[in-house]
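K.L.:
Sending over entry.tsv (TSV, C-alpha atoms and all ligand atoms).
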```
chain	number	residue	atom	x	y	z
A	1	MET	CA	-8.00	15.29	19.59
A	2	LEU	CA	-9.89	16.58	16.58
A	3	GLN	CA	-13.56	15.73	15.88
A	4	LYS	CA	-15.59	17.04	12.93
A	5	GLU	CA	-19.06	16.28	11.62
A	6	ASN	CA	-20.02	15.88	7.94
A	7	PHE	CA	-16.34	16.04	7.02
A	8	SER	CA	-14.95	15.98	3.45
A	9	LEU	CA	-12.51	13.13	2.94
A	10	LEU	CA	-10.80	14.86	0.00
A	11	LYS	CA	-7.48	15.06	1.89
A	12	PHE	CA	-7.83	11.48	3.12
A	13	ASN	CA	-7.97	9.68	-0.22
A	14	THR	CA	-5.32	10.02	-2.91
A	15	PHE	CA	-7.92	9.49	-5.65
A	16	GLY	CA	-9.14	12.99	-4.87
A	17	ILE	CA	-12.77	11.97	-4.37
A	18	ASP	CA	-14.95	14.39	-2.46
A	19	ALA	CA	-16.84	11.85	-0.34
A	20	HIS	CA	-18.05	12.86	3.15
A	21	CYS	CA	-18.26	10.97	6.42
A	22	ARG	CA	-20.70	11.47	9.32
A	23	LEU	CA	-17.89	11.95	11.86
A	24	PHE	CA	-14.13	12.37	11.49
A	25	CYS	CA	-11.83	11.88	14.49
A	26	GLU	CA	-8.09	12.24	14.79
A	27	TYR	CA	-6.34	11.12	17.99
A	28	ASP	CA	-2.81	11.85	19.25
A	29	ASN	CA	-2.13	8.92	21.59
A	30	VAL	CA	-3.36	5.52	22.77
A	31	GLU	CA	-5.35	7.00	25.72
A	32	GLU	CA	-7.33	9.24	23.35
A	33	LEU	CA	-7.96	6.24	21.12
A	34	PHE	CA	-9.41	4.26	24.10
A	35	LEU	CA	-11.84	7.09	24.90
A	36	LEU	CA	-12.80	7.57	21.28
A	37	LEU	CA	-13.54	3.88	20.70
A	38	GLN	CA	-15.71	3.82	23.80
A	39	GLU	CA	-17.68	6.88	22.64
A	40	ILE	CA	-18.15	5.47	19.14
A	41	ARG	CA	-19.23	2.07	20.51
A	42	ASP	CA	-21.83	3.87	22.67
A	43	ASN	CA	-23.15	5.72	19.59
A	44	GLY	CA	-23.28	2.50	17.55
A	45	LEU	CA	-21.48	4.09	14.59
A	46	ARG	CA	-19.66	2.09	11.92
A	47	ILE	CA	-15.91	2.66	12.03
A	48	LEU	CA	-13.43	3.05	9.22
A	49	HIS	CA	-9.79	3.62	10.10
A	50	VAL	CA	-7.74	5.40	7.43
A	51	GLY	CA	-4.09	6.31	6.88
A	52	ARG	CA	-3.70	8.75	3.98
A	53	GLY	CA	-6.26	6.81	1.94
A	54	SER	CA	-3.70	5.78	-0.66
A	55	ASN	CA	-5.39	2.43	-1.11
A	56	LEU	CA	-9.06	3.38	-0.73
A	57	LEU	CA	-11.90	4.07	-3.11
A	58	PHE	CA	-14.89	5.85	-1.57
A	59	VAL	CA	-17.70	4.62	-3.80
A	60	ARG	CA	-20.15	6.81	-1.86
A	61	ASP	CA	-20.32	8.89	1.34
A	62	PHE	CA	-19.42	6.96	4.50
A	63	ASP	CA	-22.24	6.95	7.02
A	64	GLY	CA	-20.07	6.37	10.07
A	65	ALA	CA	-16.95	7.48	11.91
A	66	VAL	CA	-13.65	7.77	10.09
A	67	LEU	CA	-10.66	7.54	12.42
A	68	HIS	CA	-7.18	8.81	11.70
A	69	SER	CA	-4.08	8.26	13.82
A	70	HIS	CA	-1.81	11.13	14.73
A	71	ILE	CA	0.38	8.93	16.90
A	72	LEU	CA	3.89	10.05	15.99
A	73	GLY	CA	7.40	9.07	17.03
A	74	LYS	CA	10.41	7.18	15.72
A	75	GLU	CA	12.70	5.72	18.35
A	76	ILE	CA	15.69	3.37	18.20
A	77	LEU	CA	15.16	0.85	21.04
A	78	GLU	CA	18.13	-1.41	20.43
A	79	ARG	CA	21.16	-1.55	18.18
A	80	SER	CA	23.50	-4.52	17.90
A	81	GLU	CA	25.71	-6.00	15.19
A	82	GLU	CA	22.82	-8.04	13.78
A	83	LYS	CA	19.85	-5.71	14.08
A	84	VAL	CA	18.39	-2.33	14.93
A	85	LEU	CA	14.92	-2.23	16.50
A	86	VAL	CA	12.95	0.92	15.81
A	87	ARG	CA	9.50	1.71	17.22
A	88	VAL	CA	7.37	3.88	14.96
A	89	GLY	CA	4.00	5.55	15.63
A	90	ALA	CA	1.22	4.43	13.26
A	91	GLY	CA	0.53	8.02	12.16
A	92	GLU	CA	4.05	8.63	10.81
A	93	VAL	CA	4.22	9.23	7.05
A	94	TRP	CA	5.90	6.14	5.60
A	95	ASP	CA	8.34	7.89	3.27
A	96	GLU	CA	9.50	10.17	6.09
A	97	VAL	CA	10.15	7.01	8.12
A	98	VAL	CA	12.30	5.59	5.29
A	99	SER	CA	14.23	8.86	5.01
A	100	TRP	CA	14.81	8.93	8.80
A	101	LEU	CA	15.93	5.29	8.85
A	102	VAL	CA	18.52	5.86	6.12
A	103	ALA	CA	19.79	8.99	7.92
A	104	HIS	CA	20.14	6.94	11.15
A	105	ASN	CA	22.00	4.04	9.50
A	106	CYS	CA	19.08	1.60	9.73
A	107	TYR	CA	18.80	-0.30	6.47
A	108	GLY	CA	16.33	-2.50	4.61
A	109	ALA	CA	13.51	-0.08	3.79
A	110	GLU	CA	15.19	1.87	0.93
A	111	ASN	CA	13.38	-0.04	-1.85
A	112	LEU	CA	10.07	1.01	-0.28
A	113	SER	CA	10.88	4.71	-0.68
A	114	LEU	CA	8.12	7.10	-1.81
A	115	ILE	CA	5.26	4.63	-1.31
A	116	PRO	CA	2.42	6.88	-0.17
A	117	GLY	CA	0.66	6.29	3.15
A	118	GLU	CA	1.43	5.97	6.84
A	119	MET	CA	3.15	3.42	9.08
A	120	GLY	CA	-0.04	1.80	10.42
A	121	ALA	CA	-1.59	1.27	6.99
A	122	ALA	CA	1.76	0.07	5.61
A	123	ALA	CA	1.81	-2.72	8.20
A	124	VAL	CA	-1.82	-3.65	7.53
A	125	GLN	CA	-1.42	-3.73	3.75
A	126	ASN	CA	2.07	-5.16	3.64
A	127	ILE	CA	3.13	-2.55	1.10
A	128	GLY	CA	5.76	-3.70	-1.31
A	129	ALA	CA	7.93	-2.61	-4.22
A	130	TYR	CA	11.16	-3.56	-5.99
A	131	GLY	CA	11.52	-6.92	-4.30
A	132	ALA	CA	10.88	-5.69	-0.74
A	133	GLU	CA	7.81	-5.81	1.50
A	134	VAL	CA	7.25	-4.06	4.81
A	135	GLY	CA	6.25	-7.40	6.40
A	136	GLN	CA	9.88	-8.55	6.06
A	137	LEU	CA	10.88	-5.70	8.39
A	138	VAL	CA	8.12	-6.05	10.98
A	139	GLU	CA	9.18	-7.47	14.36
A	140	GLN	CA	5.94	-6.68	16.21
A	141	VAL	CA	2.67	-4.79	15.70
A	142	GLU	CA	1.01	-3.03	18.66
A	143	ALA	CA	-2.75	-2.71	18.31
A	144	VAL	CA	-5.97	-2.00	20.20
A	145	GLU	CA	-9.04	-4.18	19.82
A	146	ILE	CA	-11.99	-2.04	18.70
A	147	ALA	CA	-14.65	-4.10	20.49
A	148	THR	CA	-12.95	-4.19	23.91
A	149	GLY	CA	-10.26	-1.48	23.95
A	150	GLN	CA	-7.71	-4.17	24.94
A	151	ARG	CA	-4.10	-3.74	23.82
A	152	ARG	CA	-2.50	-6.61	21.96
A	153	PHE	CA	0.97	-7.27	20.58
A	154	PHE	CA	1.28	-9.33	17.40
A	155	GLY	CA	4.60	-11.02	16.62
A	156	ALA	CA	5.60	-10.99	12.94
A	157	ASP	CA	4.53	-14.62	12.42
A	158	GLU	CA	1.06	-13.88	13.83
A	159	CYS	CA	0.59	-11.14	11.22
A	160	ASP	CA	0.38	-13.70	8.40
A	161	TYR	CA	2.25	-11.59	5.89
A	162	ALA	CA	2.05	-12.52	2.21
A	163	TYR	CA	1.82	-10.58	-1.08
A	164	ARG	CA	-0.26	-7.46	-0.25
A	165	HIS	CA	-1.81	-9.43	2.60
A	166	SER	CA	-1.86	-9.55	6.42
A	167	ILE	CA	-4.18	-10.92	9.11
A	168	PHE	CA	-5.46	-7.33	9.59
A	169	LYS	CA	-6.86	-7.36	6.04
A	170	ASP	CA	-8.45	-10.76	6.41
A	171	ALA	CA	-9.42	-12.68	9.61
A	172	LEU	CA	-9.04	-9.56	11.80
A	173	ARG	CA	-10.32	-7.03	9.26
A	174	GLY	CA	-11.86	-4.01	11.02
A	175	LYS	CA	-11.21	-5.55	14.44
A	176	TYR	CA	-7.97	-3.84	15.52
A	177	VAL	CA	-6.39	-0.41	15.27
A	178	VAL	CA	-2.61	-0.46	14.84
A	179	THR	CA	-0.96	2.08	17.17
A	180	HIS	CA	2.78	1.35	16.78
A	181	VAL	CA	5.03	-0.87	14.70
A	182	LEU	CA	8.36	-2.30	15.83
A	183	LEU	CA	10.67	-2.57	12.82
A	184	ARG	CA	13.76	-4.76	12.62
A	185	LEU	CA	16.37	-3.15	10.38
A	186	ASN	CA	19.87	-4.03	9.36
A	187	PRO	CA	22.81	-2.02	10.77
A	188	GLU	CA	24.71	-2.68	7.54
A	189	PHE	CA	23.53	-1.71	4.08
A	190	LYS	CA	23.25	-4.35	1.38
A	191	ALA	CA	21.73	-3.23	-1.92
A	192	ALA	CA	18.73	-5.38	-2.88
A	193	VAL	CA	18.82	-5.30	-6.68
A	194	GLY	CA	17.19	-8.67	-7.39
A	195	TYR	CA	13.93	-7.21	-8.75
A	196	GLY	CA	13.46	-7.48	-12.56
A	197	SER	CA	14.51	-4.17	-14.00
A	198	LEU	CA	16.24	-2.70	-10.92
A	199	ARG	CA	19.78	-3.85	-11.67
A	200	SER	CA	19.64	-2.30	-15.16
A	201	GLU	CA	18.21	0.93	-13.67
A	202	VAL	CA	21.25	1.05	-11.35
A	203	GLU	CA	23.67	0.50	-14.23
A	204	LEU	CA	21.81	2.91	-16.51
A	205	ARG	CA	22.57	5.66	-14.02
A	206	GLY	CA	26.28	4.83	-14.01
A	207	LEU	CA	26.11	3.32	-10.50
A	208	ASN	CA	27.58	0.03	-9.39
A	209	CYS	CA	25.47	-2.61	-7.65
A	210	CYS	CA	28.41	-3.56	-5.40
A	211	ASN	CA	29.19	-0.14	-3.96
A	212	ILE	CA	25.96	1.84	-4.27
A	213	THR	CA	25.09	3.57	-0.97
A	214	ALA	CA	21.71	3.48	0.81
A	215	SER	CA	21.04	7.14	-0.03
A	216	GLU	CA	21.86	6.53	-3.69
A	217	MET	CA	19.51	3.54	-3.66
A	218	ARG	CA	16.77	5.63	-2.09
A	219	SER	CA	17.21	8.40	-4.69
A	220	LEU	CA	17.21	5.86	-7.48
A	221	ILE	CA	13.95	4.27	-6.30
A	222	ILE	CA	12.39	7.73	-5.94
A	223	ASN	CA	13.41	8.63	-9.51
A	224	VAL	CA	12.17	5.34	-10.96
A	225	ARG	CA	8.81	5.71	-9.18
A	226	ARG	CA	8.42	9.35	-10.23
A	227	ALA	CA	9.06	8.42	-13.86
A	228	LYS	CA	6.39	5.71	-13.84
A	229	LEU	CA	3.73	6.60	-11.30
A	230	PRO	CA	1.58	9.73	-11.23
A	231	ASP	CA	1.87	12.16	-8.30
A	232	PRO	CA	-1.50	12.01	-6.47
A	233	GLU	CA	-1.23	15.77	-5.81
A	234	VAL	CA	-1.39	16.31	-9.57
A	235	LEU	CA	-3.47	13.36	-10.81
A	236	GLY	CA	-5.64	11.46	-8.33
A	237	ASN	CA	-4.74	7.76	-8.09
A	238	ALA	CA	-4.15	4.95	-5.63
A	239	GLY	CA	-0.99	3.40	-7.07
A	240	SER	CA	-1.50	-0.09	-8.46
A	241	PHE	CA	-5.24	-0.59	-8.68
A	242	PHE	CA	-5.16	-4.37	-9.28
A	243	MET	CA	-3.05	-7.16	-7.84
A	244	ASN	CA	-0.87	-9.20	-10.16
A	245	PRO	CA	-2.69	-12.52	-10.76
A	246	VAL	CA	-1.07	-15.91	-10.27
A	247	VAL	CA	-2.13	-18.45	-12.89
A	248	GLY	CA	-1.75	-22.24	-12.90
A	249	THR	CA	1.03	-23.82	-14.97
A	250	GLU	CA	-1.41	-25.18	-17.60
A	251	THR	CA	-3.07	-21.82	-18.24
A	252	PHE	CA	0.35	-20.20	-18.29
A	253	GLU	CA	1.76	-22.59	-20.87
A	254	SER	CA	-1.15	-22.24	-23.24
A	255	LEU	CA	-0.97	-18.43	-22.90
A	256	LEU	CA	2.77	-18.45	-23.56
A	257	GLN	CA	2.22	-20.34	-26.83
A	258	GLN	CA	-0.12	-17.59	-27.95
A	259	TYR	CA	1.94	-14.71	-26.50
A	260	PRO	CA	5.59	-15.75	-26.43
A	261	ASP	CA	6.63	-12.28	-25.22
A	262	MET	CA	4.35	-12.33	-22.18
A	263	PRO	CA	6.35	-11.18	-19.13
A	264	HIS	CA	6.06	-13.53	-16.16
A	265	PHE	CA	7.60	-14.31	-12.77
A	266	GLU	CA	7.82	-17.49	-10.70
A	267	ALA	CA	5.36	-17.49	-7.79
A	268	SER	CA	4.75	-19.93	-4.96
A	269	GLN	CA	1.56	-21.41	-6.42
A	270	GLY	CA	2.02	-20.95	-10.14
A	271	VAL	CA	3.21	-18.12	-12.36
A	272	LYS	CA	2.64	-14.42	-11.78
A	273	VAL	CA	1.63	-12.45	-14.85
A	274	PRO	CA	1.78	-8.63	-14.60
A	275	ALA	CA	-1.75	-7.25	-14.59
A	276	ALA	CA	-0.31	-4.11	-16.24
A	277	TRP	CA	0.63	-6.18	-19.29
A	278	LEU	CA	-2.79	-7.89	-19.44
A	279	ILE	CA	-4.51	-4.48	-19.26
A	280	GLU	CA	-2.24	-2.94	-21.88
A	281	GLN	CA	-2.81	-5.88	-24.26
A	282	SER	CA	-6.56	-5.45	-23.74
A	283	GLY	CA	-6.22	-1.97	-25.21
A	284	TRP	CA	-6.88	0.03	-22.03
A	285	LYS	CA	-3.56	1.82	-21.49
A	286	GLY	CA	-4.17	5.59	-21.67
A	287	ARG	CA	-7.93	5.13	-22.36
A	288	ARG	CA	-10.68	7.00	-20.51
A	289	LEU	CA	-14.20	6.24	-19.43
A	290	GLY	CA	-15.66	9.63	-18.56
A	291	PRO	CA	-13.43	11.43	-16.04
A	292	ALA	CA	-11.74	8.14	-14.99
A	293	GLY	CA	-8.85	6.68	-16.96
A	294	VAL	CA	-6.05	4.14	-17.19
A	295	TYR	CA	-2.71	5.91	-16.72
A	296	GLU	CA	-0.76	6.33	-19.95
A	297	LYS	CA	2.63	5.30	-18.47
A	298	GLN	CA	1.57	2.40	-16.20
A	299	ALA	CA	-1.54	0.43	-17.09
A	300	LEU	CA	-1.98	-0.88	-13.53
A	301	VAL	CA	-2.85	2.60	-12.27
A	302	LEU	CA	-6.35	4.07	-12.60
A	303	VAL	CA	-6.52	7.85	-12.43
A	304	ASN	CA	-9.03	10.60	-11.75
A	305	HIS	CA	-8.70	13.11	-14.59
A	306	GLY	CA	-10.77	15.58	-12.58
A	307	GLY	CA	-14.14	15.43	-10.90
A	308	ALA	CA	-14.51	11.64	-11.01
A	309	THR	CA	-16.74	10.06	-8.38
A	310	GLY	CA	-15.94	6.78	-6.71
A	311	SER	CA	-18.50	5.04	-8.88
A	312	ASP	CA	-16.86	6.41	-12.08
A	313	ILE	CA	-13.63	4.71	-10.98
A	314	ALA	CA	-15.52	1.55	-9.98
A	315	ASP	CA	-17.21	1.44	-13.45
A	316	LEU	CA	-13.82	1.73	-15.15
A	317	SER	CA	-12.41	-0.98	-12.89
A	318	LYS	CA	-15.24	-3.32	-13.88
A	319	ALA	CA	-14.84	-2.59	-17.60
A	320	VAL	CA	-11.08	-3.30	-17.40
A	321	GLN	CA	-11.65	-6.55	-15.48
A	322	GLU	CA	-14.20	-7.68	-18.09
A	323	SER	CA	-11.90	-6.91	-21.05
A	324	VAL	CA	-9.00	-8.82	-19.46
A	325	PHE	CA	-11.25	-11.79	-18.74
A	326	GLU	CA	-12.67	-11.80	-22.28
A	327	LYS	CA	-9.24	-11.69	-23.90
A	328	PHE	CA	-7.23	-13.92	-21.58
A	329	GLY	CA	-9.71	-15.82	-19.39
A	330	ILE	CA	-7.84	-14.43	-16.35
A	331	ARG	CA	-9.60	-12.67	-13.51
A	332	ILE	CA	-7.83	-9.70	-11.98
A	333	PHE	CA	-8.87	-8.31	-8.61
A	334	PRO	CA	-8.46	-4.84	-7.11
A	335	GLU	CA	-5.77	-4.24	-4.56
A	336	VAL	CA	-7.60	-1.05	-3.62
A	337	ASN	CA	-10.29	-1.34	-0.92
A	338	PHE	CA	-13.75	-0.28	-2.04
A	339	ILE	CA	-15.60	1.60	0.74
A	340	GLU	CA	-19.40	1.48	0.27
B	401	LIG	N1	4.04	-3.68	-17.89
B	401	LIG	C1	3.28	-3.55	-19.03
B	401	LIG	N2	2.58	-2.38	-19.22
B	401	LIG	C2	2.64	-1.34	-18.35
B	401	LIG	C3	3.44	-1.47	-17.18
B	401	LIG	C4	4.12	-2.65	-16.98
B	401	LIG	O1	3.21	-4.44	-19.86
B	401	LIG	O2	1.95	-0.34	-18.60
B	401	LIG	C5	4.73	-4.96	-17.63
B	401	LIG	C6	6.22	-4.91	-17.90
B	401	LIG	O3	6.56	-6.07	-18.59
B	401	LIG	C7	6.86	-4.96	-16.54
B	401	LIG	C8	5.84	-5.69	-15.71
B	401	LIG	O4	4.56	-5.34	-16.29
B	401	LIG	O5	8.07	-5.66	-16.58
B	401	LIG	C9	5.87	-5.29	-14.24
B	401	LIG	O6	5.76	-3.87	-14.16
B	401	LIG	P1	6.34	-3.05	-12.90
B	401	LIG	O7	7.75	-3.43	-12.64
B	401	LIG	O8	6.03	-1.62	-13.15
B	401	LIG	O9	5.53	-3.60	-11.67
B	401	LIG	P2	3.99	-3.95	-11.44
B	401	LIG	O10	3.87	-5.43	-11.30
B	401	LIG	O11	3.12	-3.30	-12.45
B	401	LIG	C10	4.32	-3.89	-8.83
B	401	LIG	C11	3.60	-3.32	-7.64
B	401	LIG	C12	3.90	-1.83	-7.51
B	401	LIG	C13	5.40	-1.66	-7.34
B	401	LIG	C14	6.09	-2.28	-8.56
B	401	LIG	C15	7.59	-2.27	-8.43
B	401	LIG	C16	1.59	-4.65	-7.39
B	401	LIG	C17	0.10	-4.70	-7.45
B	401	LIG	N3	2.18	-3.53	-7.78
B	401	LIG	O12	3.77	-3.28	-10.00
B	401	LIG	O13	3.26	-1.35	-6.33
B	401	LIG	O14	5.76	-0.31	-7.20
B	401	LIG	O15	5.70	-3.66	-8.71
B	401	LIG	O16	7.97	-3.19	-7.46
B	401	LIG	O17	2.20	-5.63	-6.94
B	401	LIG	C18	1.31	-0.28	-5.47
B	401	LIG	O18	1.09	-1.32	-4.86
B	401	LIG	O19	0.57	0.72	-5.40
B	401	LIG	C19	2.47	-0.22	-6.37
B	401	LIG	C20	2.73	0.83	-7.15
```
Kindly transcribe the structure held in the file into structure tokens.
P.N.:
Amino acid sequence: MLQKENFSLLKFNTFGIDAHCRLFCEYDNVEELFLLLQEIRDNGLRILHVGRGSNLLFVRDFDGAVLHSHILGKEILERSEEKVLVRVGAGEVWDEVVSWLVAHNCYGAENLSLIPGEMGAAAVQNIGAYGAEVGQLVEQVEAVEIATGQRRFFGADECDYAYRHSIFKDALRGKYVVTHVLLRLNPEFKAAVGYGSLRSEVELRGLNCCNITASEMRSLIINVRRAKLPDPEVLGNAGSFFMNPVVGTETFESLLQQYPDMPHFEASQGVKVPAAWLIEQSGWKGRRLGPAGVYEKQALVLVNHGGATGSDIADLSKAVQESVFEKFGIRIFPEVNFIE
């Protein structure tokens, strides 16, 4: 177990913000986590659990304990004709998990290749891309209750998965630490090319949707992401900064009259309009506000051009939200968690 005081969180947030926390603790197994939670409860410190911080914005220093899981392990528990069950430690790097799954003939996670972060955070945030979401692959989440140290197993339906949402982000926010995730994969590969531009990306590369392999699909997704999204090692960012808003049919129809080219997708309670498009139309794509900016190739991504503080990014976020609201009357909300 590792414990450090007044620790810089630079390596634990992909925005590259040099915020500090009072105490930083990294544990290797569930037993260490029990002890740690007990100690922190006794000290009365606030707790923040992080993965790689690929969805966090530290607006200021964190006056509490930041916990990080180093619970590793990927293990196939069961393989049949219908499914493969794989238990993964919460501290495993998500993209390494995807690579391992493909190499072990466990399919269904390829479209989620290269999403930054770790297994535990992926299950909390229900990460998604190219028509897939991690929630669709979750069979069970193993967690420890922070207040009591009790272990609890959540079946997939108890996790309440929806677009970028789970029970751990909402009703149980800050109440549990995920220690392991049981994934249910497919023993046979079927390419999922239903998402908007994906089929044309496949064809553009001279591949065929009917006989593309899982490794080819993984490489393709990696290439598409690299072309569109900035590498956090080079330019600090947290992927999509805002969620895509869903608007009611009336609002949608009046907007479509004004902007006939507006991209849109059917959603369960209305129509989803890409926030990237709204931001671009509001004139923000590639613009800067001090050291914070809107990425020039994907308007949904806010970037740190160097030396930005959390509040620089928060100011930019607010300015973008206001412009979009003024122009379209639509409110967009951050997907990124603000830590104050
Ligand atoms: N668009 C613009 N301007 C831009 C970028 C996109 O107008 O600068 C429009 C295009 O019309 C495009 C549409 O927006 O067709 C959608 O763009 P894209 O396919 O890039 O997806 P997105 O809605 O912007 C979502 C996820 C991403 C995920 C991609 C691909 C959210 C909040 N974001 O982005 O997730 O990789 O789809 O599936 O749902 C993340 O969460 O960090 C993330 C990167």
K.L.:
With only C-alpha atoms as the basis for distance, which of A:Asp261, A:Glu96, A:Glu340, A:Glu139 is at the shortest distance from A:Val181?
P.N.:
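So, comparing all the options, the nearest one is A:Glu139.
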K.L.:
Residues at most 12 Å from A:Phe189, counting all atoms listed in the file, excluding those fewer than 3 positions away in the same chain, as an MDAnalysis selection string?
P.N.:
chainID A and resid 82:83 101:111 185:186 192 209:218
K.L.:
Do you have, as a Markdown table, the list of residues of stretch 83-191 of chain A lying at most 10 Å from stretch 32-38 of chain A, each with its nearest atom pair and that distance in Å to one decimal, counting all atoms listed in the file and ordered by chain then number?
P.N.:
```
| residue | atom | partner | partner_atom | distance |
| --- | --- | --- | --- | --- |
| A:Val144 | CA | A:Phe34 | CA | 8.1 |
| A:Glu145 | CA | A:Leu37 | CA | 9.3 |
| A:Ile146 | CA | A:Leu37 | CA | 6.4 |
| A:Ala147 | CA | A:Leu37 | CA | 8.1 |
| A:Thr148 | CA | A:Gln38 | CA | 8.5 |
| A:Gly149 | CA | A:Phe34 | CA | 5.8 |
| A:Gln150 | CA | A:Phe34 | CA | 8.6 |
| A:Arg151 | CA | A:Phe34 | CA | 9.6 |
| A:Val177 | CA | A:Leu33 | CA | 9.0 |
| A:Thr179 | CA | A:Leu33 | CA | 9.1 |
```
K.L.:
Please check which protein, DNA or RNA residues sit within 7 Å of ligand LIG 401 (chain B), counting all atoms listed in the file, and write them as a ChimeraX atom specification.
P.N.:
/A:127-131,196-197,238-244,263,274-278,280,285,297-300,335
K.L.:
Quick one: everything within 9 Å of A:Asn304, counting all atoms listed in the file, minus sequence neighbours fewer than 5 positions away in the same chain. Send it as a list of chain:residue names.
P.N.:
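Returned residues: A:Phe15, A:Gly16, A:Ile17, A:Leu235, A:Gly236, A:Asn237, A:Pro291, A:Ala292, A:Gly293, A:Val294, A:Thr309, A:Asp312, A:Ile313.
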K.L.:
I'd like the contact shell of A:Ser323 - 10 Å cut-off, all atoms listed in the file, skipping same-chain residues fewer than 3 positions apart - returned as a list in words.
P.N.:
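Residues near the query, excluding close chain neighbours: Leu278, Ile279, Gln281, Ser282, Gly283, Trp284, Lys318, Ala319, Val320, Glu326, Lys327, Phe328, Gly329, Ile330 and Arg331 of chain A.
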K.L.:
Tell me which of A:Gly64, A:Glu92, A:Ser113, A:Val138 sits closest to A:Arg226, counting all atoms listed in the file.
P.N.:
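The shortest atom-to-atom distance to A:Arg226 comes from A:Ser113.
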K.L.:
Hey, can you check how far atom CA of A:Gly307 sits from atom CA of A:Gly290?
P.N.:
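Atom-to-atom, atom CA of A:Gly307 and atom CA of A:Gly290 are spaced 9.7 Å apart.
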K.L.:
Within 9 Å of (-16.2, 1.7, 13.9), all atoms listed in the file: residues as a PDB file with C-alpha atoms, in the frame of the given file?
P.N.:
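File point00.pdb, as written:
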```
ATOM      1  CA  LEU A  37     -13.540   3.880  20.700  1.00  0.00           C
ATOM      2  CA  ILE A  40     -18.150   5.470  19.140  1.00  0.00           C
ATOM      3  CA  ARG A  41     -19.230   2.070  20.510  1.00  0.00           C
ATOM      4  CA  GLY A  44     -23.280   2.500  17.550  1.00  0.00           C
ATOM      5  CA  LEU A  45     -21.480   4.090  14.590  1.00  0.00           C
ATOM      6  CA  ARG A  46     -19.660   2.090  11.920  1.00  0.00           C
ATOM      7  CA  ILE A  47     -15.910   2.660  12.030  1.00  0.00           C
ATOM      8  CA  LEU A  48     -13.430   3.050   9.220  1.00  0.00           C
ATOM      9  CA  HIS A  49      -9.790   3.620  10.100  1.00  0.00           C
ATOM     10  CA  GLY A  64     -20.070   6.370  10.070  1.00  0.00           C
ATOM     11  CA  ALA A  65     -16.950   7.480  11.910  1.00  0.00           C
ATOM     12  CA  VAL A  66     -13.650   7.770  10.090  1.00  0.00           C
ATOM     13  CA  LEU A  67     -10.660   7.540  12.420  1.00  0.00           C
ATOM     14  CA  ILE A 146     -11.990  -2.040  18.700  1.00  0.00           C
ATOM     15  CA  ALA A 147     -14.650  -4.100  20.490  1.00  0.00           C
ATOM     16  CA  GLY A 174     -11.860  -4.010  11.020  1.00  0.00           C
ATOM     17  CA  LYS A 175     -11.210  -5.550  14.440  1.00  0.00           C
TER      18      LYS A 175
END
```
K.L.:
When you count all atoms listed in the file, which of these residues is closest to A:Gly53: A:Ala156, A:Pro230, A:Phe338, A:Leu23?
P.N.:
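With all atoms listed in the file as the atom set, the closest residue is A:Phe338.
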K.L.:
Suppose you want the space between atom CA of A:Ile115 and atom CA of A:Leu137; what is it in Å?
P.N.:
15.2 Å
K.L.:
Smallest atom-to-atom distance to A:Val30: which of A:Ser69, A:Asn126, A:Asn6, A:Ser317, using only C-alpha atoms?
P.N.:
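When distances to A:Val30 are compared using only C-alpha atoms, the smallest one comes from A:Ser69.
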K.L.:
If we count only C-alpha atoms and set the cut-off at 10 Å, which residues sit around A:Val93, ignoring sequence neighbours fewer than 3 positions away in its own chain? Please answer as a ChimeraX atom specification.
P.N.:
/A:51-52,70,72,89-90,96-98,114-122
K.L.:
Reconstruct N, CA, C and O atoms of stretch 323-329 of chain A from the incomplete input and present them as a PDB file, in the coordinates of the input.
P.N.:
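Contents of out14.pdb, as written:
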```pdb
ATOM      1  N   SER A 323     -12.715  -6.797 -19.821  1.00  0.00           N
ATOM      2  CA  SER A 323     -11.900  -6.910 -21.050  1.00  0.00           C
ATOM      3  C   SER A 323     -10.790  -7.943 -20.865  1.00  0.00           C
ATOM      4  O   SER A 323     -10.538  -8.753 -21.753  1.00  0.00           O
ATOM      5  N   VAL A 324     -10.114  -7.892 -19.700  1.00  0.00           N
ATOM      6  CA  VAL A 324      -9.000  -8.820 -19.460  1.00  0.00           C
ATOM      7  C   VAL A 324      -9.535 -10.254 -19.431  1.00  0.00           C
ATOM      8  O   VAL A 324      -8.942 -11.169 -20.009  1.00  0.00           O
ATOM      9  N   PHE A 325     -10.689 -10.435 -18.810  1.00  0.00           N
ATOM     10  CA  PHE A 325     -11.250 -11.790 -18.740  1.00  0.00           C
ATOM     11  C   PHE A 325     -11.650 -12.292 -20.127  1.00  0.00           C
ATOM     12  O   PHE A 325     -11.393 -13.438 -20.487  1.00  0.00           O
ATOM     13  N   GLU A 326     -12.260 -11.403 -20.927  1.00  0.00           N
ATOM     14  CA  GLU A 326     -12.670 -11.800 -22.280  1.00  0.00           C
ATOM     15  C   GLU A 326     -11.469 -12.205 -23.130  1.00  0.00           C
ATOM     16  O   GLU A 326     -11.519 -13.183 -23.838  1.00  0.00           O
ATOM     17  N   LYS A 327     -10.396 -11.435 -23.030  1.00  0.00           N
ATOM     18  CA  LYS A 327      -9.240 -11.690 -23.900  1.00  0.00           C
ATOM     19  C   LYS A 327      -8.378 -12.858 -23.409  1.00  0.00           C
ATOM     20  O   LYS A 327      -7.908 -13.650 -24.203  1.00  0.00           O
ATOM     21  N   PHE A 328      -8.191 -12.938 -22.096  1.00  0.00           N
ATOM     22  CA  PHE A 328      -7.230 -13.920 -21.580  1.00  0.00           C
ATOM     23  C   PHE A 328      -7.845 -15.021 -20.705  1.00  0.00           C
ATOM     24  O   PHE A 328      -7.171 -15.968 -20.334  1.00  0.00           O
ATOM     25  N   GLY A 329      -9.101 -14.848 -20.308  1.00  0.00           N
ATOM     26  CA  GLY A 329      -9.710 -15.820 -19.390  1.00  0.00           C
ATOM     27  C   GLY A 329      -9.116 -15.730 -17.987  1.00  0.00           C
ATOM     28  O   GLY A 329      -9.205 -16.662 -17.198  1.00  0.00           O
TER      29      GLY A 329
END
```
